[in-house]
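Asks: Coordinates in query.cif, mmCIF, C-alpha atoms, are listed below.
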```cif
data_structure
loop_
_atom_site.label_atom_id
_atom_site.label_comp_id
_atom_site.auth_asym_id
_atom_site.auth_seq_id
_atom_site.Cartn_x
_atom_site.Cartn_y
_atom_site.Cartn_z
CA MET A 1 -23.80 31.76 -32.62
CA GLU A 2 -21.37 30.03 -35.00
CA THR A 3 -19.73 26.99 -33.39
CA THR A 4 -18.87 24.91 -36.46
CA GLU A 5 -15.16 25.82 -36.78
CA PHE A 6 -14.34 25.44 -33.10
CA GLY A 7 -16.38 22.26 -32.87
CA ARG A 8 -14.65 20.75 -35.92
CA MET A 9 -11.19 21.50 -34.54
CA GLN A 10 -11.91 20.18 -31.06
CA GLY A 11 -14.31 17.40 -31.95
CA GLU A 12 -16.83 18.25 -29.20
CA ASN A 13 -20.40 19.50 -29.00
CA LEU A 14 -19.72 23.13 -28.15
CA SER A 15 -23.40 23.94 -27.95
CA ARG A 16 -23.52 21.79 -24.84
CA VAL A 17 -20.53 23.66 -23.40
CA VAL A 18 -22.26 26.98 -24.01
CA ASP A 19 -25.43 25.72 -22.36
CA ILE A 20 -23.50 24.52 -19.31
CA VAL A 21 -21.70 27.84 -18.94
CA ARG A 22 -24.86 29.88 -19.33
CA ASP A 23 -26.62 27.67 -16.80
CA LYS A 24 -23.97 28.51 -14.19
CA ILE A 25 -22.80 32.02 -15.12
CA THR A 26 -24.80 35.04 -16.21
CA VAL A 27 -23.00 36.38 -19.30
CA TYR A 28 -23.75 39.27 -21.62
CA GLU A 29 -21.64 38.27 -24.64
CA THR A 30 -20.09 35.12 -26.11
CA GLN A 31 -17.30 34.98 -28.65
CA VAL A 32 -15.94 31.98 -30.56
CA ASN A 33 -12.53 31.59 -32.17
CA PRO A 34 -10.69 28.50 -33.44
CA VAL A 35 -9.10 27.75 -30.05
CA ALA A 36 -11.45 29.03 -27.34
CA LEU A 37 -14.86 30.17 -26.22
CA THR A 38 -14.89 33.50 -24.40
CA PHE A 39 -17.77 34.58 -22.16
CA TYR A 40 -18.05 38.14 -20.86
CA TYR A 41 -19.75 38.67 -17.52
CA LEU A 42 -20.38 41.24 -14.79
CA LYS A 43 -19.49 40.40 -11.20
CA SER A 44 -22.61 42.20 -10.02
CA ASP A 45 -24.68 39.68 -12.00
CA ASN A 46 -22.90 36.73 -10.39
CA PRO A 47 -22.86 37.05 -6.59
CA LEU A 48 -22.04 33.33 -6.22
CA LEU A 49 -19.33 33.31 -8.88
CA ASP A 50 -16.82 31.28 -6.82
CA GLU A 51 -19.24 28.42 -6.17
CA LYS A 52 -20.74 28.45 -9.66
CA PHE A 53 -17.34 28.47 -11.34
CA ASP A 54 -16.26 25.44 -9.32
CA GLU A 55 -19.45 23.63 -10.29
CA LEU A 56 -18.70 24.55 -13.90
CA ARG A 57 -15.13 23.31 -13.61
CA ARG A 58 -16.23 19.96 -12.18
CA GLU A 59 -18.59 19.47 -15.12
CA LEU A 60 -16.38 20.67 -17.99
CA VAL A 61 -13.00 19.17 -17.08
CA PRO A 62 -14.21 15.53 -17.39
CA MET A 63 -15.58 16.49 -20.82
CA GLY A 64 -12.11 17.56 -21.97
CA PHE A 65 -12.45 21.34 -21.49
CA ILE A 66 -10.67 23.73 -19.14
CA PRO A 67 -12.43 26.91 -17.96
CA PHE A 68 -10.51 29.77 -16.38
CA LEU A 69 -11.22 33.32 -15.31
CA ARG A 70 -9.45 36.53 -16.28
CA GLU A 71 -10.24 39.93 -14.80
CA ASP A 72 -8.54 42.72 -16.71
CA ALA A 73 -10.33 45.54 -18.52
CA GLU A 74 -13.33 43.20 -18.67
CA ASN A 75 -14.28 40.07 -16.75
CA VAL A 76 -14.07 37.01 -18.96
CA LEU A 77 -14.47 33.27 -18.63
CA ILE A 78 -12.45 31.38 -21.23
CA VAL A 79 -13.00 27.74 -22.15
CA THR A 80 -10.32 25.84 -24.06
CA ALA A 81 -9.81 22.19 -24.93
CA SER A 82 -7.64 20.16 -22.59
CA PRO A 83 -4.28 19.20 -24.09
CA LYS A 84 -3.88 15.53 -24.87
CA VAL A 85 -1.39 14.03 -22.41
CA ASN A 86 -0.28 10.41 -22.17
CA HIS A 87 0.16 9.62 -18.50
CA LEU A 88 2.38 6.89 -17.10
CA GLY A 89 0.56 3.75 -16.05
CA ASN A 90 0.37 2.42 -12.50
CA LYS A 91 2.99 -0.22 -13.32
CA VAL A 92 5.59 2.55 -13.28
CA ASN A 93 4.49 3.51 -9.76
CA LEU A 94 4.87 -0.10 -8.65
CA VAL A 95 8.31 -0.54 -10.22
CA LEU A 96 9.60 2.68 -8.66
CA PHE A 97 8.16 1.65 -5.29
CA VAL A 98 9.97 -1.70 -5.42
CA LEU A 99 13.25 -0.09 -6.50
CA THR A 100 12.99 2.55 -3.76
CA LEU A 101 12.15 -0.07 -1.15
CA ALA A 102 15.19 -2.11 -2.21
CA SER A 103 17.54 0.88 -2.17
CA THR A 104 16.30 2.08 1.24
CA ILE A 105 16.65 -1.43 2.67
CA TYR A 106 20.22 -1.54 1.38
CA TRP A 107 21.17 1.76 3.00
CA GLY A 108 19.19 0.92 6.11
CA SER A 109 21.20 -2.29 6.46
CA ILE A 110 24.41 -0.25 6.34
CA TYR A 111 23.19 2.04 9.13
CA ALA A 112 22.08 -1.04 11.10
CA GLU A 113 25.49 -2.73 11.00
CA ASN A 114 26.44 -1.04 14.24
CA TYR A 115 23.48 -2.71 15.97
CA THR A 116 23.60 -6.26 14.57
CA ASN A 117 25.83 -9.24 13.94
CA GLY A 118 25.47 -10.78 10.52
CA GLU A 119 24.36 -9.64 7.08
CA LEU A 120 20.83 -11.08 7.23
CA ALA A 121 20.15 -9.39 10.56
CA SER A 122 21.36 -6.08 9.13
CA ILE A 123 19.04 -6.44 6.14
CA PHE A 124 16.10 -7.24 8.42
CA TYR A 125 16.89 -4.27 10.64
CA GLY A 126 17.27 -2.11 7.55
CA LEU A 127 13.76 -3.04 6.45
CA LEU A 128 12.09 -2.88 9.86
CA PHE A 129 13.79 0.16 11.34
CA PHE A 130 14.73 2.30 8.34
CA ALA A 131 13.09 1.49 5.01
CA GLY A 132 9.67 0.71 6.53
CA PRO A 133 9.32 3.89 8.62
CA LEU A 134 10.81 6.11 5.91
CA MET A 135 8.59 4.74 3.13
CA LEU A 136 5.60 5.02 5.46
CA ILE A 137 6.27 8.70 6.16
CA LEU A 138 6.87 9.54 2.50
CA GLY A 139 3.87 7.49 1.39
CA LEU A 140 1.48 9.07 3.88
CA HIS A 141 2.75 12.52 2.88
CA GLU A 142 1.87 11.87 -0.75
CA LEU A 143 -1.42 10.18 0.08
CA GLY A 144 -2.36 13.34 1.98
CA HIS A 145 -2.01 15.22 -1.31
CA PHE A 146 -3.73 12.43 -3.24
CA PHE A 147 -6.90 12.15 -1.17
CA THR A 148 -7.25 15.91 -0.76
CA ALA A 149 -6.99 16.36 -4.52
CA ARG A 150 -9.54 13.61 -5.10
CA ARG A 151 -11.90 15.18 -2.53
CA LEU A 152 -11.71 18.44 -4.49
CA LYS A 153 -12.37 16.58 -7.76
CA VAL A 154 -8.84 17.11 -9.05
CA LYS A 155 -7.42 13.99 -10.67
CA ALA A 156 -4.09 12.87 -9.25
CA SER A 157 -1.74 9.95 -9.79
CA PHE A 158 -0.70 7.46 -7.16
CA PRO A 159 2.65 8.32 -5.53
CA PHE A 160 5.84 8.03 -7.56
CA PHE A 161 8.75 7.05 -5.29
CA ILE A 162 12.21 8.10 -6.44
CA PRO A 163 15.02 5.58 -5.84
CA PHE A 164 18.45 7.05 -5.23
CA PRO A 165 21.64 4.97 -4.98
CA LEU A 166 23.41 7.15 -2.39
CA PHE A 167 23.14 8.04 1.30
CA LEU A 168 19.44 7.36 2.03
CA GLY A 169 18.27 5.24 -0.89
CA THR A 170 15.56 7.66 -1.98
CA PHE A 171 15.09 11.17 -3.23
CA GLY A 172 11.55 11.36 -1.90
CA ALA A 173 8.23 10.89 -3.68
CA PHE A 174 5.63 12.93 -5.53
CA ILE A 175 2.20 12.74 -7.09
CA SER A 176 1.21 14.12 -10.47
CA LEU A 177 -1.89 16.32 -10.65
CA ARG A 178 -3.74 15.36 -13.82
CA ASP A 179 -6.14 18.31 -13.65
CA PRO A 180 -5.37 22.02 -13.14
CA ILE A 181 -5.85 23.37 -9.61
CA PRO A 182 -9.22 25.13 -9.52
CA ASN A 183 -8.69 28.02 -7.07
CA ARG A 184 -6.51 29.46 -4.30
CA LYS A 185 -8.36 27.56 -1.59
CA ALA A 186 -7.60 24.27 -3.31
CA MET A 187 -3.95 25.29 -3.71
CA ILE A 188 -3.67 25.76 0.04
CA GLU A 189 -5.51 22.56 0.90
CA ILE A 190 -3.66 20.32 -1.56
CA GLY A 191 -0.29 21.89 -0.82
CA ALA A 192 -0.63 21.67 2.96
CA ALA A 193 -2.24 18.23 3.19
CA GLY A 194 0.96 16.28 2.48
CA PRO A 195 3.26 18.05 4.98
CA ILE A 196 0.58 18.02 7.70
CA VAL A 197 -0.09 14.29 7.30
CA GLY A 198 3.63 13.49 7.02
CA PHE A 199 4.43 15.57 10.10
CA ILE A 200 1.70 13.86 12.13
CA ALA A 201 3.05 10.47 11.02
CA CYS A 202 6.52 11.42 12.24
CA ILE A 203 5.42 12.21 15.80
CA PRO A 204 4.61 8.68 17.10
CA LEU A 205 7.60 7.29 15.20
CA LEU A 206 9.77 9.90 16.91
CA PHE A 207 8.79 8.63 20.37
CA LEU A 208 9.00 4.99 19.27
CA SER A 209 12.48 5.48 17.83
CA GLY A 210 13.56 7.22 21.02
CA TYR A 211 12.44 4.20 23.04
CA LEU A 212 14.07 1.70 20.67
CA GLN A 213 17.32 3.65 20.93
CA THR A 214 17.44 2.60 24.60
CA VAL A 215 16.63 -1.03 23.77
CA PHE A 216 18.95 -1.64 20.82
CA LEU A 217 22.38 -0.51 21.88
CA PRO A 218 25.36 -0.26 19.51
CA ILE A 219 27.63 -3.28 19.64
CA HIS A 220 30.44 -2.03 17.43
CA ASN A 221 32.74 0.97 17.47
CA TYR A 222 31.41 2.73 14.42
CA SER A 223 32.45 6.17 13.28
CA SER A 224 30.01 7.85 10.92
CA SER A 225 31.22 10.15 8.17
CA PHE A 226 28.41 12.60 8.92
CA GLN A 227 26.50 14.01 11.87
CA VAL A 228 22.85 14.99 11.83
CA ASN A 229 21.50 18.05 13.59
CA PHE A 230 17.95 17.74 14.87
CA PRO A 231 15.22 20.35 14.32
CA TYR A 232 13.83 22.53 17.09
CA LEU A 233 10.89 20.17 17.67
CA TYR A 234 13.21 17.69 19.40
CA ASN A 235 14.17 20.29 22.01
CA LEU A 236 10.55 21.31 22.44
CA LEU A 237 9.55 17.71 23.16
CA GLY A 238 12.60 17.04 25.33
CA MET A 239 13.88 14.38 22.93
CA VAL A 240 17.60 14.39 23.68
CA GLN A 241 19.50 12.69 20.86
CA ASN A 242 23.05 11.45 20.47
CA PRO A 243 24.13 12.48 16.97
CA ALA A 244 27.21 10.24 17.18
CA GLN A 245 25.12 7.06 17.63
CA ILE A 246 21.82 7.31 15.80
CA PHE A 247 19.49 4.32 15.56
CA PRO A 248 18.25 3.61 12.00
CA MET A 249 14.64 4.49 12.85
CA GLN A 250 15.79 7.78 14.35
CA LEU A 251 17.53 8.54 11.08
CA ALA A 252 14.37 7.66 9.13
CA VAL A 253 12.27 10.03 11.28
CA TRP A 254 14.90 12.75 10.94
CA VAL A 255 14.66 12.36 7.14
CA GLY A 256 10.88 12.63 7.44
CA PHE A 257 11.12 15.96 9.24
CA LEU A 258 13.75 17.21 6.80
CA ALA A 259 11.62 16.24 3.80
CA THR A 260 8.65 18.02 5.38
CA ALA A 261 10.66 21.21 5.88
CA MET A 262 12.11 21.11 2.36
CA ASN A 263 8.69 20.63 0.79
CA LEU A 264 7.28 23.56 2.75
CA LEU A 265 9.78 26.04 1.34
CA PRO A 266 7.68 28.67 -0.50
CA ILE A 267 9.32 28.05 -3.85
CA SER A 268 7.76 27.26 -7.21
CA GLN A 269 5.98 23.88 -7.37
CA LEU A 270 6.98 22.73 -3.89
CA ASP A 271 4.17 22.32 -1.37
CA GLY A 272 5.12 25.59 0.26
CA GLY A 273 4.97 27.24 -3.16
CA HIS A 274 1.36 26.08 -3.58
CA ILE A 275 0.45 27.37 -0.13
CA ALA A 276 2.18 30.73 -0.66
CA ARG A 277 0.48 31.17 -4.06
CA GLY A 278 -2.87 30.41 -2.48
CA VAL A 279 -2.39 32.88 0.36
CA LEU A 280 -0.52 35.71 -1.37
CA GLY A 281 -1.65 35.36 -4.96
CA ARG A 282 0.74 36.87 -7.51
CA ARG A 283 2.79 38.44 -4.71
CA SER A 284 4.06 34.98 -3.78
CA ASN A 285 6.60 35.27 -6.61
CA LEU A 286 8.49 37.87 -4.56
CA LEU A 287 8.61 35.49 -1.62
CA GLY A 288 9.97 32.78 -3.90
CA TYR A 289 12.81 35.03 -5.09
CA PHE A 290 13.61 35.98 -1.50
CA MET A 291 13.65 32.36 -0.33
CA VAL A 292 15.98 31.28 -3.13
CA ALA A 293 18.38 34.06 -2.08
CA VAL A 294 18.16 32.88 1.54
CA LEU A 295 18.84 29.27 0.54
CA PHE A 296 21.83 30.37 -1.51
CA TYR A 297 23.25 32.25 1.48
CA ILE A 298 22.77 29.49 4.06
CA GLY A 299 24.03 27.01 1.47
CA LEU A 300 27.32 28.90 1.34
CA GLU A 301 27.52 29.44 5.10
CA TYR A 302 26.04 26.33 6.72
CA TYR A 303 24.99 23.42 4.49
CA SER A 304 25.79 22.99 0.81
CA GLY A 305 22.64 20.98 0.18
CA TRP A 306 20.63 24.20 0.23
CA LEU A 307 22.64 25.39 -2.77
CA ILE A 308 21.38 22.42 -4.77
CA LEU A 309 17.81 23.12 -3.70
CA SER A 310 18.09 26.80 -4.62
CA ILE A 311 19.33 25.88 -8.10
CA PHE A 312 16.54 23.32 -8.40
CA GLY A 313 14.02 26.00 -7.45
CA VAL A 314 15.30 28.32 -10.17
CA MET A 315 15.16 25.49 -12.73
CA MET A 316 11.52 24.77 -11.81
CA GLY A 317 10.67 28.43 -12.35
CA LEU A 318 10.01 30.92 -9.60
CA SER A 319 6.70 32.17 -10.99
CA HIS A 320 3.99 29.82 -9.79
CA PRO A 321 1.25 29.24 -12.39
CA PRO A 322 -2.15 30.59 -11.33
CA PRO A 323 -5.20 28.44 -10.59
CA LEU A 324 -8.18 28.45 -12.91
CA ASP A 325 -9.91 30.94 -10.62
CA ASP A 326 -7.25 33.28 -9.29
CA TYR A 327 -9.73 35.83 -7.94
CA SER A 328 -11.76 33.98 -5.32
CA ARG A 329 -11.03 34.95 -1.74
CA ILE A 330 -9.66 32.60 0.89
CA ASN A 331 -11.34 32.37 4.28
CA LEU A 332 -10.21 32.01 7.88
CA ARG A 333 -10.06 28.24 7.62
CA HIS A 334 -7.48 28.41 4.87
CA VAL A 335 -5.48 31.05 6.71
CA LEU A 336 -5.33 28.68 9.69
CA ILE A 337 -4.24 25.80 7.44
CA ALA A 338 -1.43 27.96 6.06
CA ALA A 339 -0.47 29.02 9.60
CA ALA A 340 -0.31 25.36 10.66
CA ALA A 341 1.96 24.62 7.69
CA LEU A 342 4.22 27.53 8.67
CA ALA A 343 4.43 26.25 12.25
CA ILE A 344 5.33 22.77 10.98
CA PHE A 345 8.04 24.28 8.80
CA LEU A 346 9.58 26.18 11.73
CA LEU A 347 9.50 23.07 13.93
CA SER A 348 11.03 20.84 11.24
CA PHE A 349 13.62 23.13 9.66
CA ASN A 350 17.30 23.19 10.52
CA VAL A 351 19.80 25.57 8.92
CA ALA A 352 22.54 22.90 9.02
CA PRO A 353 20.74 19.53 9.10
CA LEU A 354 23.79 17.53 8.08
CA VAL A 355 27.47 18.18 8.69
CA PRO A 356 30.52 16.05 7.87
CA THR A 357 32.63 14.71 10.74
#
```
The structure in this file should be written as structure tokens.

Replies:
Amino acid sequence: METTEFGRMQGENLSRVVDIVRDKITVYETQVNPVALTFYYLKSDNPLLDEKFDELRRELVPMGFIPFLREDAENVLIVTASPKVNHLGNKVNLVLFVLTLASTIYWGSIYAENYTNGELASIFYGLLFFAGPLMLILGLHELGHFFTARRLKVKASFPFFIPFPLFLGTFGAFISLRDPIPNRKAMIEIGAAGPIVGFIACIPLLFLSGYLQTVFLPIHNYSSSFQVNFPYLYNLLGMVQNPAQIFPMQLAVWVGFLATAMNLLPISQLDGGHIARGVLGRRSNLLGYFMVAVLFYIGLEYYSGWLILSIFGVMMGLSHPPPLDDYSRINLRHVLIAAAALAIFLLSFNVAPLVPT
């Protein structure tokens, strides 16, 4: 087999790549071109294809190669060189964290003015009862993604927090996956891990904020320019809230539930988009189109923020890219994970979460 041209262009020992592939996958033909290696195989010769492909992926990706499967007229495994990408260093994560912490403290101090006397007390309350809980929820959400990705041998960045100068002080957080997602199971697990962890983190803070609301009473006549509507979970748990007087920690928890619901929308690269792609495969694109239409409608009728999110979804692209192995089957465990994510979405979602007063 001639490997000189491909090896010269990619600067790697392609003979080793071929040996690794043939050790994992039974192939009947190998082709080389200047940009890829293509291996032809029969599924009947590879009863453990899912497991062997994942073993192959874990070995080749650190070497700078990406394998992926295609099943059309023939079944092929294609290996290409990973594109060279310069990733942002961890200093950027730290700077964004500090900026987001500062902006959330600032807005938290504004929401705490109705419960304190003095600027320093408002700043302290803003940190303790708003910025701290909110950053904790967002951080745990992203760490859920991070550790799940690492467990599946998919490289991921530390969380990037997004400072925002208006209303809440942040536009959320995200992690960057440095490796392609290997299969549909991994899509479901990585996508669902963040919302599940974030939702679990919100529950004790919900009860704690409800208690603190009875301890820290408003001391000023303060009229807010907006009113929050609470998701169905509050009614289910018997958590009666006063939307006219909301304690800063209650607002932080409300944001946590809202962020969870927004991320679970089955659109594009959102967490819900990953889960939908893992469960439905290529058919998830139809669900994405439908959800954008729904968001556009409820944005016109109930809450304009959904309009922005629908436009954002279109800009991200409604066709979710496939995993490296788009043909492996999911099992009952992953169906249950997706069902749990759906339940969390229904408990956290509100058609009109925020209305002006």

Asks: Evaluate the PyMOL selection byres ((chain A and resi 91-94) around 9) against this structure - the residues, as a list in words, please.

Replies: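 Output of the PyMOL selection byres ((chain A and resi 91-94) around 9): Leu88, Gly89, Asn90, Val95, Leu96, Phe97, Val98, Leu99, Ser157, Phe158, Pro159, Phe160 and Phe161 of chain A.
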
Asks: Generate the output file for the selected residues, C-alpha atoms, as a PDB file, in the frame of the given file.

Replies:
```pdb
ATOM      1  CA  LEU A  88       2.380   6.890 -17.100  1.00  0.00           C
ATOM      2  CA  GLY A  89       0.560   3.750 -16.050  1.00  0.00           C
ATOM      3  CA  ASN A  90       0.370   2.420 -12.500  1.00  0.00           C
ATOM      4  CA  VAL A  95       8.310  -0.540 -10.220  1.00  0.00           C
ATOM      5  CA  LEU A  96       9.600   2.680  -8.660  1.00  0.00           C
ATOM      6  CA  PHE A  97       8.160   1.650  -5.290  1.00  0.00           C
ATOM      7  CA  VAL A  98       9.970  -1.700  -5.420  1.00  0.00           C
ATOM      8  CA  LEU A  99      13.250  -0.090  -6.500  1.00  0.00           C
ATOM      9  CA  SER A 157      -1.740   9.950  -9.790  1.00  0.00           C
ATOM     10  CA  PHE A 158      -0.700   7.460  -7.160  1.00  0.00           C
ATOM     11  CA  PRO A 159       2.650   8.320  -5.530  1.00  0.00           C
ATOM     12  CA  PHE A 160       5.840   8.030  -7.560  1.00  0.00           C
ATOM     13  CA  PHE A 161       8.750   7.050  -5.290  1.00  0.00           C
TER      14      PHE A 161
END
```

Asks: Using CA of Val335 (chain A) and CA of Gly272 (chain A) as the two end points, give the distance in Å to one decimal.

Replies: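 Rounded to one decimal, the two atoms are 13.6 Å apart.
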
Asks: I need the residue nearest Leu49 (chain A) from this list: A:Phe167, A:Asp179, A:Tyr327, A:Asn229. Use all atoms listed in the file for the distance.

Replies: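 Checking each candidate against Leu49 (chain A), we get A:Tyr327 as the closest.
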
Asks: So which residues are close to (23.8, -8.9, 18.4), meaning at most 12 Å away in the file's coordinates with all atoms listed in the file counted, and can you show them as a ChimeraX atom specification?

Replies: /A:112-122,125,215-220

Asks: Apply the PyMOL selection byres ((chain A and resi 170-174) around 7) to the structure shown and report the selected residues as number ranges by chain.

Replies: A: 100, 104, 138, 142, 159-164, 168-169, 175-176

Asks: Quick one, how far is CA of Asn183 (chain A) from CA of Ala259 (chain A)?

Replies: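 Pair CA of Asn183 (chain A) / CA of Ala259 (chain A) returns 25.9 Å.
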
Asks: Got a sec to resolve the PyMOL selection byres ((chain A and resi 311-319) around 7) on this structure and send the residues as a ChimeraX atom specification?

Replies: /A:267-268,285,288-289,307-310,320-321

Asks: List the neighbours of Leu42 (chain A) out to 8 Å using only C-alpha atoms; skip same-chain residues closer than 6 positions along the sequence, and give me the result as a short mmCIF file (atom, residue, chain, number, x, y, z; two decimals) with C-alpha atoms, keeping the file's coordinate frame.

Replies:
```cif
data_model
loop_
_atom_site.label_atom_id
_atom_site.label_comp_id
_atom_site.auth_asym_id
_atom_site.auth_seq_id
_atom_site.Cartn_x
_atom_site.Cartn_y
_atom_site.Cartn_z
CA THR A 26 -24.80 35.04 -16.21
CA VAL A 27 -23.00 36.38 -19.30
CA TYR A 28 -23.75 39.27 -21.62
CA ASN A 75 -14.28 40.07 -16.75
#
```

Asks: Step by step: start from the point (-20.7, 27.1, -15.5) in the file's coordinates, keep every protein, DNA or RNA residue that has an atom no farther than 10 Å from it, count all atoms listed in the file, and write the set as a PyMOL selection string.

Replies: chain A and resi 17-26+49+51-60+67+77

Asks: Just checking: using all atoms listed in the file, which residue out of A:Leu300, A:Gly126, A:Tyr111, A:Asn13 ends up closest to Ala81 (chain A)?

Replies: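 The closest residue to Ala81 (chain A) is A:Asn13.
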
Asks: So what do you get for CA of Tyr211 (chain A) versus CA of Gln245 (chain A), distance-wise?

Replies: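 So the two atoms, CA of Tyr211 (chain A) and CA of Gln245 (chain A), lie 14.1 Å apart.
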
Asks: Given all atoms listed in the file as the basis, pick out the residue of A:Phe207, A:Trp254, A:Arg16, A:Asn263 nearest to Met239 (chain A).

Replies: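 Looking at the shortest contact to Met239 (chain A), the residue is A:Phe207.
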
Asks: Quick one: of A:Ser103, A:Ser284, A:Ser82, A:Gln250, who's nearest to Arg178 (chain A), counting all atoms listed in the file?

Replies: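 Looking at the shortest contact to Arg178 (chain A), the residue is A:Ser82.
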
Asks: Using all atoms listed in the file for the distances, tell me which of A:Tyr303, A:Phe247, A:Phe345, A:Tyr297 is nearest to Leu208 (chain A).

Replies: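 Among the listed residues, A:Phe247 lies closest to Leu208 (chain A).
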
Asks: Hey, could you pull the box centre and edge lengths for region 246-263 of chain A, axis-aligned, 6 Å padding per side, all listed atoms, to one decimal in Å, as AutoDock Vina command-line options?

Replies:
```
--center_x 15.2 --center_y 12.4 --center_z 8.3 --size_x 25.2 --size_y 29.6 --size_z 27.0
```

Asks: Which of these, A:Pro356, A:Pro322, A:Gly273, A:Pro62, has the shortest distance to Ile188 (chain A) once you count only C-alpha atoms?

Replies: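 Under the stated criterion, the closest residue is A:Gly273.
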
Asks: What's around Leu324 (chain A) at 9 Å? Count only C-alpha atoms, leave out sequence neighbours fewer than 6 positions away in its own chain, and write the answer as a list of chain:residue names.

Replies: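 My list of contacting residues is A:Arg57, A:Ile66, A:Pro67, A:Phe68, A:Leu69, A:Arg70, A:Pro180, A:Ile181, A:Pro182, A:Asn183, A:Arg184.
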
Asks: Near Ala131 (chain A), counting only C-alpha atoms, which residues have an atom at most 9 Å away, once you skip same-chain residues fewer than 3 positions from it, shown as an MDAnalysis selection string?

Replies: chainID A and resid 100:108 125:128 134:136 169 248:249 252

Asks: Considering only C-alpha atoms, return as a ChimeraX atom specification whatever protein or nucleic-acid residues lie within 8 Å of Val76 (chain A), sequence-local ones (same chain, fewer than 5 positions apart) excluded.

Replies: /A:38-41,69-71

Asks: Rebuild region 136-152 of chain A so that it carries N, CA and C atoms, then output the result as a PDB file, in the frame of the given file.

Replies:
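Result saved to rebuild23.pdb:
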```pdb
ATOM      1  N   LEU A 136       6.903   4.705   4.893  1.00  0.00           N
ATOM      2  CA  LEU A 136       5.600   5.020   5.460  1.00  0.00           C
ATOM      3  C   LEU A 136       5.383   6.526   5.544  1.00  0.00           C
ATOM      4  N   ILE A 137       6.385   7.241   6.036  1.00  0.00           N
ATOM      5  CA  ILE A 137       6.270   8.700   6.160  1.00  0.00           C
ATOM      6  C   ILE A 137       6.092   9.344   4.789  1.00  0.00           C
ATOM      7  N   LEU A 138       6.953   8.955   3.848  1.00  0.00           N
ATOM      8  CA  LEU A 138       6.870   9.540   2.500  1.00  0.00           C
ATOM      9  C   LEU A 138       5.550   9.173   1.828  1.00  0.00           C
ATOM     10  N   GLY A 139       5.117   7.923   2.009  1.00  0.00           N
ATOM     11  CA  GLY A 139       3.870   7.490   1.390  1.00  0.00           C
ATOM     12  C   GLY A 139       2.662   8.209   1.949  1.00  0.00           C
ATOM     13  N   LEU A 140       2.604   8.369   3.278  1.00  0.00           N
ATOM     14  CA  LEU A 140       1.480   9.070   3.880  1.00  0.00           C
ATOM     15  C   LEU A 140       1.466  10.548   3.483  1.00  0.00           C
ATOM     16  N   HIS A 141       2.652  11.135   3.359  1.00  0.00           N
ATOM     17  CA  HIS A 141       2.750  12.520   2.880  1.00  0.00           C
ATOM     18  C   HIS A 141       2.066  12.644   1.516  1.00  0.00           C
ATOM     19  N   GLU A 142       2.425  11.773   0.591  1.00  0.00           N
ATOM     20  CA  GLU A 142       1.870  11.870  -0.750  1.00  0.00           C
ATOM     21  C   GLU A 142       0.397  11.491  -0.795  1.00  0.00           C
ATOM     22  N   LEU A 143      -0.008  10.543   0.046  1.00  0.00           N
ATOM     23  CA  LEU A 143      -1.420  10.180   0.080  1.00  0.00           C
ATOM     24  C   LEU A 143      -2.261  11.323   0.647  1.00  0.00           C
ATOM     25  N   GLY A 144      -1.664  12.144   1.520  1.00  0.00           N
ATOM     26  CA  GLY A 144      -2.360  13.340   1.980  1.00  0.00           C
ATOM     27  C   GLY A 144      -2.705  14.240   0.809  1.00  0.00           C
ATOM     28  N   HIS A 145      -1.735  14.458  -0.087  1.00  0.00           N
ATOM     29  CA  HIS A 145      -2.010  15.220  -1.310  1.00  0.00           C
ATOM     30  C   HIS A 145      -3.075  14.520  -2.161  1.00  0.00           C
ATOM     31  N   PHE A 146      -2.897  13.214  -2.332  1.00  0.00           N
ATOM     32  CA  PHE A 146      -3.730  12.430  -3.240  1.00  0.00           C
ATOM     33  C   PHE A 146      -5.205  12.499  -2.848  1.00  0.00           C
ATOM     34  N   PHE A 147      -5.498  12.201  -1.587  1.00  0.00           N
ATOM     35  CA  PHE A 147      -6.900  12.150  -1.170  1.00  0.00           C
ATOM     36  C   PHE A 147      -7.523  13.539  -1.084  1.00  0.00           C
ATOM     37  N   THR A 148      -6.717  14.551  -0.760  1.00  0.00           N
ATOM     38  CA  THR A 148      -7.250  15.910  -0.760  1.00  0.00           C
ATOM     39  C   THR A 148      -7.597  16.348  -2.172  1.00  0.00           C
ATOM     40  N   ALA A 149      -6.706  16.031  -3.127  1.00  0.00           N
ATOM     41  CA  ALA A 149      -6.990  16.360  -4.520  1.00  0.00           C
ATOM     42  C   ALA A 149      -8.250  15.642  -5.001  1.00  0.00           C
ATOM     43  N   ARG A 150      -8.362  14.364  -4.675  1.00  0.00           N
ATOM     44  CA  ARG A 150      -9.540  13.610  -5.100  1.00  0.00           C
ATOM     45  C   ARG A 150     -10.823  14.175  -4.465  1.00  0.00           C
ATOM     46  N   ARG A 151     -10.737  14.591  -3.192  1.00  0.00           N
ATOM     47  CA  ARG A 151     -11.900  15.180  -2.530  1.00  0.00           C
ATOM     48  C   ARG A 151     -12.356  16.456  -3.239  1.00  0.00           C
ATOM     49  N   LEU A 152     -11.408  17.201  -3.786  1.00  0.00           N
ATOM     50  CA  LEU A 152     -11.710  18.440  -4.490  1.00  0.00           C
ATOM     51  C   LEU A 152     -11.972  18.215  -5.980  1.00  0.00           C
TER      52      LEU A 152
END
```
